[in-house]
>>> print(open('target-v8.cif').read())   # mmCIF, C-alpha atoms
data_structure
#
loop_
_atom_site.label_atom_id
_atom_site.label_comp_id
_atom_site.auth_asym_id
_atom_site.auth_seq_id
_atom_site.Cartn_x
_atom_site.Cartn_y
_atom_site.Cartn_z
CA MET A 1 80.00 31.01 135.85
CA ARG A 2 79.44 28.84 132.79
CA ILE A 3 81.12 25.44 132.95
CA ARG A 4 82.68 24.25 129.72
CA ASN A 5 81.33 20.98 128.31
CA LEU A 6 84.34 19.49 126.57
CA GLU A 7 82.28 16.67 125.04
CA LYS A 8 80.25 19.16 122.99
CA GLU A 9 83.25 21.20 121.85
CA ASN A 10 85.26 20.47 118.74
CA PRO A 11 88.82 21.38 119.64
CA LYS A 12 91.07 22.50 116.80
CA GLU A 13 93.44 19.84 115.64
CA PHE A 14 96.97 20.64 116.84
CA THR A 15 99.59 20.28 114.14
CA PRO A 16 103.16 20.69 115.39
CA ILE A 17 105.39 22.93 113.29
CA LYS A 18 108.13 20.84 111.77
CA CYS A 19 111.58 22.35 111.41
CA GLU A 20 115.14 21.13 111.34
CA MET A 21 116.68 21.33 114.80
CA TRP A 22 120.24 22.12 115.83
CA GLU A 23 121.76 20.80 119.04
CA GLU A 24 125.22 21.28 120.49
CA THR A 25 126.99 20.45 123.74
CA PHE A 26 129.47 22.90 125.27
CA TYR A 27 131.87 22.00 128.05
CA VAL A 28 132.05 24.78 130.62
CA LYS A 29 134.51 25.41 133.44
CA THR A 30 134.41 28.40 135.74
CA ILE A 31 137.67 30.33 136.08
CA THR A 32 136.54 32.65 138.90
CA PRO A 33 134.19 31.97 141.84
CA ILE A 34 130.43 32.16 141.39
CA TYR A 35 128.25 34.45 143.49
CA ALA A 36 124.91 32.67 143.21
CA GLY A 37 121.70 32.49 145.20
CA GLY A 38 119.50 29.62 146.25
CA VAL A 39 116.68 29.03 148.73
CA LYS A 40 118.42 31.45 151.08
CA ALA A 41 119.08 34.76 149.37
CA GLY A 42 122.75 35.38 148.71
CA TYR A 43 123.79 31.78 149.50
CA PRO A 44 124.37 29.09 146.84
CA ASP A 45 122.20 26.02 146.42
CA ILE A 46 124.62 23.10 146.71
CA GLU A 47 122.25 20.67 144.99
CA MET A 48 121.46 23.00 142.08
CA PRO A 49 124.11 25.76 141.96
CA ILE A 50 123.44 26.67 138.32
CA ARG A 51 120.04 26.86 136.69
CA ALA A 52 119.50 26.49 132.97
CA THR A 53 116.90 29.28 133.02
CA SER A 54 119.50 31.66 134.44
CA ILE A 55 121.96 30.94 131.63
CA ARG A 56 119.19 31.25 129.04
CA GLY A 57 118.35 34.66 130.50
CA GLN A 58 121.96 35.77 130.08
CA LEU A 59 122.04 34.46 126.52
CA ARG A 60 118.87 36.43 125.81
CA TYR A 61 120.53 39.60 127.13
CA TRP A 62 123.52 39.18 124.81
CA TRP A 63 121.27 38.30 121.84
CA ARG A 64 119.32 41.52 122.42
CA PHE A 65 122.52 43.56 122.64
CA LEU A 66 124.02 42.06 119.48
CA ASN A 67 120.82 42.46 117.48
CA CYS A 68 120.16 46.08 118.45
CA LYS A 69 122.55 46.99 115.62
CA GLN A 70 120.29 45.14 113.17
CA GLN A 71 117.30 47.01 114.56
CA ILE A 72 118.93 50.35 113.74
CA GLU A 73 120.28 49.28 110.33
CA ASN A 74 116.93 47.81 109.23
CA SER A 75 114.89 50.65 110.73
CA LEU A 76 112.83 48.27 112.84
CA ASN A 77 110.52 49.91 115.35
CA ARG A 78 110.52 48.79 118.95
CA GLU A 79 107.60 46.38 118.60
CA GLU A 80 109.01 44.74 115.46
CA PHE A 81 112.31 44.15 117.24
CA PHE A 82 110.67 42.67 120.34
CA SER A 83 108.52 40.52 118.07
CA GLN A 84 111.71 39.01 116.61
CA GLU A 85 113.05 38.47 120.11
CA ARG A 86 109.86 36.74 121.28
CA ALA A 87 109.93 34.47 118.23
CA ILE A 88 113.24 33.03 119.48
CA TRP A 89 113.30 33.49 123.24
CA GLY A 90 109.60 33.54 124.11
CA GLY A 91 107.60 35.98 126.20
CA MET A 92 104.28 37.79 126.38
CA SER A 93 103.11 40.14 123.63
CA GLU A 94 101.08 43.29 124.15
CA ASP A 95 97.89 41.43 123.20
CA ASP A 96 98.58 38.87 125.97
CA GLN A 97 99.66 36.19 123.51
CA ASP A 98 102.14 33.88 125.21
CA TYR A 99 105.15 32.64 123.20
CA SER A 100 107.28 29.75 124.40
CA SER A 101 111.04 29.88 123.94
CA LYS A 102 112.42 28.03 120.94
CA VAL A 103 115.82 27.83 122.66
CA ARG A 104 116.15 24.87 125.00
CA VAL A 105 119.00 25.01 127.52
CA SER A 106 119.89 22.13 129.84
CA ILE A 107 122.77 21.41 132.21
CA ILE A 108 124.53 18.20 133.16
CA ALA A 109 126.86 18.43 136.16
CA LYS A 110 128.72 15.24 137.08
CA LYS A 111 130.18 16.52 140.35
CA LYS A 112 128.89 18.63 143.20
CA CYS A 113 130.19 22.14 143.54
CA THR A 114 132.69 23.13 146.23
CA LEU A 115 132.22 26.22 148.35
CA ALA A 116 135.11 28.64 148.45
CA SER A 117 137.25 28.87 151.57
CA GLU A 118 139.13 31.96 152.67
CA ASN A 119 141.22 33.15 149.74
CA LYS A 120 143.18 36.35 150.10
CA ASN A 121 143.77 36.31 146.35
CA TYR A 122 140.13 37.14 145.64
CA PRO A 123 139.85 40.92 145.07
CA ALA A 124 137.75 42.25 147.96
CA TYR A 125 136.73 45.24 145.83
CA ALA A 126 134.68 42.88 143.62
CA ILE A 127 133.21 40.62 146.31
CA PHE A 128 132.17 43.17 148.94
CA PRO A 129 128.48 41.96 148.90
CA ILE A 130 129.52 38.77 150.70
CA ARG A 131 130.48 40.71 153.83
CA ASP A 132 128.74 39.51 156.96
CA SER A 133 126.50 42.29 158.26
CA ASP A 134 127.37 41.50 161.89
CA ASN A 135 131.15 41.60 161.89
CA ASN A 136 131.87 43.02 158.43
CA LEU A 137 134.08 40.06 157.49
CA LEU A 138 133.98 38.33 154.13
CA ASP A 139 131.87 35.14 154.24
CA TYR A 140 133.57 33.03 151.58
CA LYS A 141 131.01 30.23 151.93
CA ARG A 142 128.67 32.43 149.93
CA LEU A 143 130.84 31.76 146.88
CA ILE A 144 131.22 28.63 144.75
CA LYS A 145 134.88 27.90 144.17
CA GLU A 146 136.32 28.31 140.68
CA GLY A 147 136.93 25.16 138.63
CA TYR A 148 133.32 23.94 138.63
CA LYS A 149 132.59 21.96 135.44
CA PHE A 150 129.35 21.13 133.66
CA GLU A 151 127.93 20.42 130.21
CA LEU A 152 125.73 23.05 128.63
CA ILE A 153 123.36 21.63 126.01
CA VAL A 154 121.66 24.09 123.67
CA LYS A 155 118.92 23.06 121.24
CA ALA A 156 117.04 25.34 118.82
CA PRO A 157 115.71 25.49 115.24
CA ARG A 158 118.66 25.41 112.85
CA GLU A 159 117.64 28.76 111.32
CA PHE A 160 118.75 30.38 114.59
CA GLN A 161 122.06 28.49 114.87
CA LYS A 162 124.35 31.28 113.64
CA SER A 163 122.72 33.91 115.81
CA ILE A 164 122.76 31.74 118.93
CA LEU A 165 126.39 30.66 118.43
CA GLN A 166 127.43 34.31 118.25
CA THR A 167 125.44 34.95 121.41
CA ILE A 168 127.19 32.08 123.23
CA ARG A 169 130.60 33.43 122.18
CA TRP A 170 129.84 36.87 123.65
CA TRP A 171 128.39 35.33 126.81
CA ALA A 172 131.50 33.14 127.21
CA SER A 173 133.78 36.14 126.65
CA PHE A 174 132.08 38.78 128.81
CA GLY A 175 129.17 37.21 130.68
CA GLY A 176 129.24 34.35 133.11
CA ILE A 177 127.20 32.68 135.82
CA GLY A 178 125.45 34.20 138.81
CA ALA A 179 125.63 37.78 140.04
CA ARG A 180 128.28 40.49 139.56
CA THR A 181 129.55 39.11 136.27
CA ARG A 182 130.46 42.67 135.22
CA ARG A 183 132.99 42.61 138.03
CA GLY A 184 134.40 39.27 136.99
CA LEU A 185 132.56 36.76 139.17
CA GLY A 186 131.38 33.57 137.48
CA SER A 187 133.68 33.94 134.44
CA VAL A 188 133.85 30.83 132.26
CA GLU A 189 135.97 28.93 129.79
CA VAL A 190 133.82 27.22 127.15
CA LEU A 191 134.91 24.37 124.91
CA ASP A 192 132.99 23.31 121.83
CA GLY A 193 133.97 19.66 121.77
CA SER A 194 137.75 19.66 122.23
CA LYS A 195 138.20 23.12 120.74
CA LYS A 196 138.15 26.46 122.53
CA LEU A 197 135.10 28.49 121.57
CA LEU A 198 136.31 31.35 119.37
CA LYS A 199 136.85 34.43 121.55
CA VAL A 200 135.60 37.91 120.69
CA GLU A 201 138.44 40.10 119.40
CA GLU A 202 138.91 43.88 119.57
CA LYS A 203 137.87 44.44 115.95
CA GLU A 204 134.60 42.54 116.35
CA ALA A 205 133.80 44.49 119.52
CA GLU A 206 134.33 47.77 117.65
CA GLU A 207 131.69 46.71 115.11
CA PHE A 208 129.18 46.89 117.97
CA ASN A 209 130.51 50.25 119.22
CA CYS A 210 132.28 48.60 122.15
CA LYS A 211 135.78 49.24 123.41
CA LEU A 212 137.71 46.05 124.20
CA ILE A 213 141.18 45.81 125.75
CA ILE A 214 142.74 42.36 126.18
CA LYS A 215 145.99 42.36 128.12
CA ARG A 216 148.81 39.82 128.11
CA ALA A 217 147.71 36.24 128.84
CA GLU A 218 148.43 34.62 132.21
CA ASN A 219 148.16 31.05 133.48
CA ASP A 220 145.96 31.89 136.47
CA GLY A 221 142.36 33.09 136.12
CA ILE A 222 142.31 34.57 139.64
CA ALA A 223 145.47 36.58 138.93
CA SER A 224 143.93 37.96 135.72
CA TRP A 225 140.75 38.83 137.59
CA ARG A 226 142.70 40.62 140.34
CA SER A 227 144.69 42.58 137.80
CA ALA A 228 141.55 43.85 136.06
CA ILE A 229 139.67 44.70 139.27
CA PHE A 230 142.61 46.44 140.96
CA LYS A 231 142.85 48.80 138.01
CA LEU A 232 139.36 50.10 138.75
CA ALA A 233 139.88 50.13 142.52
CA ASP A 234 143.09 52.16 142.20
CA PHE A 235 141.64 54.54 139.64
CA ARG A 236 138.66 55.34 141.84
CA GLN A 237 140.26 55.29 145.29
CA GLY A 238 143.95 54.36 145.09
CA LYS A 239 146.61 56.44 146.85
CA ASN A 240 148.05 59.21 144.68
CA ILE A 241 145.65 58.20 141.90
CA GLY A 242 142.10 58.63 143.22
CA ARG A 243 143.06 60.27 146.54
CA ASN A 244 146.07 61.65 148.39
CA GLU A 245 148.06 59.65 150.93
CA GLY A 246 146.16 60.75 154.03
CA SER A 247 147.75 61.12 157.44
CA ASP A 248 148.38 59.33 160.72
CA ARG A 249 146.47 60.57 163.76
CA GLY A 250 147.73 58.60 166.74
CA ASN A 251 147.10 54.92 166.01
CA LEU A 252 144.33 55.68 163.51
CA ARG A 253 145.14 55.89 159.83
CA LYS A 254 143.03 58.52 158.05
CA LEU A 255 142.21 58.11 154.38
CA GLY A 256 143.32 60.98 152.22
CA ARG A 257 141.12 63.57 150.53
CA SER A 258 139.62 62.39 147.27
CA TYR A 259 140.90 63.77 143.99
CA TRP A 260 137.37 63.28 142.66
CA PRO A 261 134.85 66.13 143.04
CA GLU A 262 131.90 64.17 144.49
CA PRO A 263 132.65 64.47 148.26
CA ASP A 264 133.17 68.24 148.09
CA SER A 265 130.13 68.51 145.81
CA ILE A 266 128.00 66.93 148.54
CA ARG A 267 129.51 69.24 151.15
CA GLU A 268 128.67 72.25 148.97
CA LEU A 269 125.11 71.08 148.40
CA THR A 270 124.35 70.24 152.05
CA GLY A 271 126.36 73.06 153.60
CA GLU A 272 127.84 70.59 156.08
CA TRP A 273 131.54 70.03 156.67
CA ILE A 274 134.20 70.19 159.32
CA GLU A 275 136.85 72.88 159.04
CA ARG A 276 139.72 70.68 157.87
CA HIS A 277 137.44 69.31 155.11
CA LYS A 278 136.22 72.67 153.88
CA PRO A 279 135.18 72.28 150.20
CA GLU A 280 138.07 73.20 147.94
CA HIS A 281 137.58 71.08 144.84
CA ALA A 282 137.79 73.06 141.62
CA ALA A 283 135.22 70.85 139.80
CA ALA A 284 132.46 70.93 142.44
CA VAL A 285 129.48 70.60 141.88
CA SER A 286 129.82 67.59 139.56
CA PHE A 287 129.61 63.78 139.63
CA PRO A 288 131.84 62.26 136.90
CA ARG A 289 131.94 58.78 138.49
CA ALA A 290 128.21 58.36 137.86
CA ALA A 291 129.27 57.01 134.45
CA PHE A 292 130.70 53.90 136.17
CA GLY A 293 127.23 52.74 137.28
CA LEU A 294 124.58 53.70 139.82
CA PRO A 295 123.58 53.97 142.59
CA ILE A 296 126.66 55.27 144.41
CA ILE A 297 126.51 55.46 148.20
CA PHE A 298 128.60 58.22 149.78
CA GLU A 299 129.28 57.83 153.49
CA ILE A 300 131.63 60.29 155.21
CA ARG A 301 132.06 58.84 158.70
CA GLU A 302 132.91 61.92 160.76
CA ARG A 303 130.69 64.02 162.99
CA GLY A 304 129.79 67.31 161.36
CA GLU A 305 130.07 65.95 157.82
CA PRO A 306 127.13 65.34 155.43
CA PRO A 307 124.75 62.41 156.08
CA LYS A 308 124.96 59.16 154.15
CA THR A 309 123.77 60.01 150.64
CA GLU A 310 122.79 58.10 147.52
CA LEU A 311 123.33 59.17 143.92
CA LYS A 312 120.91 57.43 141.55
CA PRO A 313 119.26 57.90 138.14
CA VAL A 314 116.02 59.87 138.10
CA GLY A 315 113.05 57.49 137.84
CA PHE A 316 115.11 54.31 138.32
CA ASP A 317 116.74 52.47 141.19
CA ARG A 318 119.94 51.64 139.34
CA MET A 319 121.96 51.92 136.15
CA ALA A 320 124.20 48.98 135.29
CA SER A 321 127.87 49.75 134.76
CA PRO A 322 128.94 49.90 131.11
CA LEU A 323 132.27 48.35 132.16
CA PHE A 324 133.02 44.63 132.23
CA LEU A 325 136.23 43.83 134.14
CA LYS A 326 137.14 40.18 134.25
CA ALA A 327 139.39 37.30 133.41
CA MET A 328 138.68 36.11 129.88
CA SER A 329 139.75 32.69 128.66
CA THR A 330 141.96 33.40 125.64
CA ASP A 331 143.30 29.89 125.09
CA ILE A 332 142.94 26.53 126.80
CA GLY A 333 144.48 26.98 130.23
CA LYS A 334 145.29 30.67 129.77
CA THR A 335 143.40 33.83 130.68
CA SER A 336 143.84 37.56 130.21
CA PRO A 337 142.75 40.62 132.22
CA VAL A 338 140.02 42.23 130.13
CA LEU A 339 138.15 45.52 129.99
CA MET A 340 135.08 45.73 127.78
CA CYS A 341 133.07 48.95 127.64
CA LEU A 342 129.56 48.96 126.20
CA PRO A 343 128.28 51.90 124.12
CA LEU A 344 127.73 55.03 126.22
CA ASP A 345 124.74 56.54 124.39
CA HIS A 346 122.54 56.24 127.50
CA LEU A 347 124.77 58.70 129.35
CA GLU A 348 123.73 61.46 126.94
CA THR A 349 120.28 61.66 128.50
CA LEU A 350 121.03 60.49 132.05
CA ASP A 351 119.55 62.66 134.81
CA LEU A 352 120.65 62.16 138.42
CA GLU A 353 119.30 62.87 141.85
CA LEU A 354 121.16 63.02 145.14
CA LYS A 355 119.20 62.10 148.24
CA TYR A 356 119.53 60.99 151.83
CA LYS A 357 117.24 59.04 154.14
CA THR A 358 116.00 59.79 157.60
CA ASP A 359 114.03 57.31 159.69
CA ARG A 360 110.76 58.51 158.17
CA GLU A 361 111.38 59.81 154.65
CA GLN A 362 113.77 60.53 151.83
CA HIS A 363 115.09 64.00 151.18
CA VAL A 364 116.24 65.05 147.72
CA ILE A 365 119.28 67.31 147.92
CA GLY A 366 119.55 68.05 144.22
CA VAL A 367 118.55 66.97 140.71
CA PHE A 368 121.16 67.17 137.95
CA GLU A 369 120.15 67.07 134.30
CA ARG A 370 122.36 66.27 131.35
CA GLY A 371 121.85 69.44 129.35
CA SER A 372 123.96 70.86 126.54
CA GLU A 373 126.58 71.98 129.06
CA GLY A 374 126.01 69.06 131.40
CA ASP A 375 124.80 69.57 134.93
CA TRP A 376 126.59 66.56 136.41
CA TRP A 377 129.32 66.43 133.75
CA PRO A 378 129.58 68.33 130.45
CA LYS A 379 128.49 66.64 127.23
CA ASP A 380 130.78 68.65 125.00
CA PRO A 381 134.26 67.02 124.95
CA GLN A 382 136.12 70.34 125.09
CA ASN A 383 134.02 71.65 127.97
CA ALA A 384 134.49 68.32 129.72
CA ARG A 385 138.24 68.44 129.14
CA ASN A 386 138.37 71.93 130.64
CA LYS A 387 136.45 70.77 133.71
CA ALA A 388 138.70 67.71 134.05
CA SER A 389 141.86 69.82 134.07
CA TYR A 390 141.91 70.60 137.81
CA LEU A 391 144.98 69.86 139.95
CA ASN A 392 145.65 66.12 140.52
CA SER A 393 142.70 65.13 138.33
CA PRO A 394 142.67 61.34 137.64
CA MET A 395 141.04 62.24 134.32
CA GLN A 396 143.65 64.75 133.19
CA LYS A 397 146.52 62.49 134.32
CA ASN A 398 145.18 59.78 132.03
CA ASP A 399 144.38 62.02 129.06
CA GLY A 400 140.62 61.67 129.34
CA HIS A 401 137.82 64.21 129.23
CA ASP A 402 135.54 62.09 131.43
CA ALA A 403 135.82 59.21 133.91
CA ILE A 404 135.27 56.44 131.33
CA SER A 405 137.73 57.64 128.68
CA ALA A 406 140.37 58.29 131.34
CA PHE A 407 139.91 54.85 132.91
CA ILE A 408 140.22 53.13 129.54
CA ASN A 409 143.57 54.89 129.05
CA TYR A 410 144.63 54.00 132.60
CA PHE A 411 143.72 50.32 132.07
CA LYS A 412 146.02 50.14 129.03
CA LYS A 413 149.05 51.11 131.13
CA GLY A 414 151.34 48.56 132.72
#
>>> encode(input="target-v8.cif", output="structure tokens")
Amino acid sequence: MRIRNLEKENPKEFTPIKCEMWEETFYVKTITPIYAGGVKAGYPDIEMPIRATSIRGQLRYWWRFLNCKQQIENSLNREEFFSQERAIWGGMSEDDQDYSSKVRVSIIAKKKCTLASENKNYPAYAIFPIRDSDNNLLDYKRLIKEGYKFELIVKAPREFQKSILQTIRWWASFGGIGARTRRGLGSVEVLDGSKKLLKVEEKEAEEFNCKLIIKRAENDGIASWRSAIFKLADFRQGKNIGRNEGSDRGNLRKLGRSYWPEPDSIRELTGEWIERHKPEHAAAVSFPRAAFGLPIIFEIRERGEPPKTELKPVGFDRMASPLFLKAMSTDIGKTSPVLMCLPLDHLETLDLELKYKTDREQHVIGVFERGSEGDWWPKDPQNARNKASYLNSPMQKNDGHDAISAFINYFKKG
């Protein structure tokens, strides 16, 4: 291998690019607990609970989302769009050219974080990943308690100021810190100086093909979070909404039969069921709740029923939910339960596969394409409405032709 002789080389003179810089400090307070990871996976790092690189990554996500509209309007191809993104946020190009980020993010925290203690007000439906695998109890020490404060300092070339400020507003409204922000964990209130950062309103969300519902403001962020999460929990599994009341068998309470078609669809596909659970659902075989996000694990815990199965997108491990359910800071000291739904274009081409695992291999039960009629749920609104019209349908009851449209209508109620 040839060894470079630096004394004989004439390195190119480095001339820094001069540009006017913009810098701003934002004062951030969490209004729901943070589910963050540290040295030990799934457990927070007390010394460094929030990393600037993590927040910059979230800001990059929202910048990309907001600027996709510009890509379409200006007819930019994929590479041109990613080139614009790299110019701001950094990254590696296809020719292995490395670009550093022009956005500098730093954090100043004056106090240590506090771990959450047992809090029955936290909605278990949103924090189920913190269950202890041994005894199935919630381990609240895996959460950082709400109310954590820090300063977020953002510095970038002034030419990007407007774009980055818009990005911060959307992150403050719908993003957050740590994991499971789409289910309301790590929600934040952000002050720009002494003023509340301008929130995203319904009309602005519509400009980006999003559906935003902001409900009446409350004084408690946890109460707003609970209200938003319970809407989804009830719609999917609540008594007399997502399932019937069930029955008492001795001292054991049995959950009722689902009003959704997925369990009976799996029974039909596997040919396995017990007599009292004989498939009877009018919309089987279909999987409307796939639109809420994937994978979905179906586990029917009775002998003679189908094995534990997983519904996932073909070629991918997961599909993020298009729904953001959270507490959003609407004024200083006040929050509102919020539903924000991203554009649903990706569902038009989503193919699914249902599989189960044995000790040695995976078995695919079925593959469901999204054709003109829809293999897992119809594309055509009228066909979908017809399929959603079965008895006790959560979709028909809420005047929706699919799971998403019906849930949006259900969220508006009450």
>>> residues_around(input="target-v8.cif", residues="stretch 126-139 of chain A", least_positions_apart="3", cutoff="8 Å", atoms="all atoms listed in the file", output="PDB file with C-alpha atoms, in the coordinates of the input")
ATOM      1  CA  GLY A  42     122.750  35.380 148.710  1.00  0.00           C
ATOM      2  CA  TYR A 122     140.130  37.140 145.640  1.00  0.00           C
ATOM      3  CA  PRO A 123     139.850  40.920 145.070  1.00  0.00           C
ATOM      4  CA  ARG A 142     128.670  32.430 149.930  1.00  0.00           C
ATOM      5  CA  ARG A 180     128.280  40.490 139.560  1.00  0.00           C
ATOM      6  CA  ARG A 183     132.990  42.610 138.030  1.00  0.00           C
ATOM      7  CA  GLY A 184     134.400  39.270 136.990  1.00  0.00           C
ATOM      8  CA  LEU A 185     132.560  36.760 139.170  1.00  0.00           C
ATOM      9  CA  ILE A 229     139.670  44.700 139.270  1.00  0.00           C
TER      10      ILE A 229
END
>>> residues_around(input="target-v8.cif", residues="A:Glu299", least_positions_apart="6", cutoff="9 Å", atoms="all atoms listed in the file", output="list in words")
Pro306, Pro307, Lys308, Thr309 and Glu310 of chain A
>>> atom_distance(input="target-v8.cif", atom1="atom CA of A:Lys155", atom2="atom CA of A:Leu198")
19.4 Å
>>> closest_residue(input="target-v8.cif", among="A:Gly366, A:Pro33, A:Gly186, A:Pro288", to="A:Val314", atoms="all atoms listed in the file")
A:Gly366
>>> resolve_selection(input="target-v8.cif", expression="the PyMOL selection byres ((chain A and resi 284) around 9)", output="list in words")
Pro261, Glu262, Pro263, Asp264, Ser265, Ile266, Glu268, Pro279, Glu280, His281, Ala282, Ala283, Val285, Ser286 and Phe287 of chain A
>>> closest_residue(input="target-v8.cif", among="A:Val105, A:Ala179, A:Leu76, A:Ile153", to="A:Pro44", atoms="all atoms listed in the file")
A:Ala179
>>> resolve_selection(input="target-v8.cif", expression="the PyMOL selection byres ((chain A and resi 107) around 6)", output="list in words")
Ser106, Ile108, Glu151 and Leu152 of chain A
>>> resolve_selection(input="target-v8.cif", expression="the PyMOL selection byres ((chain A and resi 195) around 10)", output="list in words")
Phe26, Tyr27, Val190, Leu191, Asp192, Gly193, Ser194, Lys196, Leu197, Leu198, Asp331 and Ile332 of chain A
>>> write_last_selection(input="target-v8.cif", atoms="C-alpha atoms", output="PDB file, keeping the file's coordinate frame")
ATOM      1  CA  PHE A  26     129.470  22.900 125.270  1.00  0.00           C
ATOM      2  CA  TYR A  27     131.870  22.000 128.050  1.00  0.00           C
ATOM      3  CA  VAL A 190     133.820  27.220 127.150  1.00  0.00           C
ATOM      4  CA  LEU A 191     134.910  24.370 124.910  1.00  0.00           C
ATOM      5  CA  ASP A 192     132.990  23.310 121.830  1.00  0.00           C
ATOM      6  CA  GLY A 193     133.970  19.660 121.770  1.00  0.00           C
ATOM      7  CA  SER A 194     137.750  19.660 122.230  1.00  0.00           C
ATOM      8  CA  LYS A 196     138.150  26.460 122.530  1.00  0.00           C
ATOM      9  CA  LEU A 197     135.100  28.490 121.570  1.00  0.00           C
ATOM     10  CA  LEU A 198     136.310  31.350 119.370  1.00  0.00           C
ATOM     11  CA  ASP A 331     143.300  29.890 125.090  1.00  0.00           C
ATOM     12  CA  ILE A 332     142.940  26.530 126.800  1.00  0.00           C
TER      13      ILE A 332
END
>>> residues_around(input="target-v8.cif", residues="A:Arg370", least_positions_apart="5", cutoff="12 Å", atoms="all atoms listed in the file", output="PyMOL selection string")
chain A and resi 286-288+290-291+313-314+346-353+375-380
>>> residues_around(input="target-v8.cif", residues="stretch 200-215 of chain A", least_positions_apart="3", cutoff="8 Å", atoms="all atoms listed in the file", output="PyMOL selection string")
chain A and resi 66+69+169-170+173+336-343+412
>>> atom_distance(input="target-v8.cif", atom1="atom CA of A:Gly176", atom2="atom CA of A:Lys326")
9.9 Å
>>> closest_residue(input="target-v8.cif", among="A:Thr32, A:Asn219, A:Thr114, A:Ser187", to="A:Gly333", atoms="all atoms listed in the file")
A:Asn219
>>> closest_residue(input="target-v8.cif", among="A:Ser321, A:Gly242, A:Gly374, A:Glu24", to="A:Lys397", atoms="all atoms listed in the file")
A:Gly242
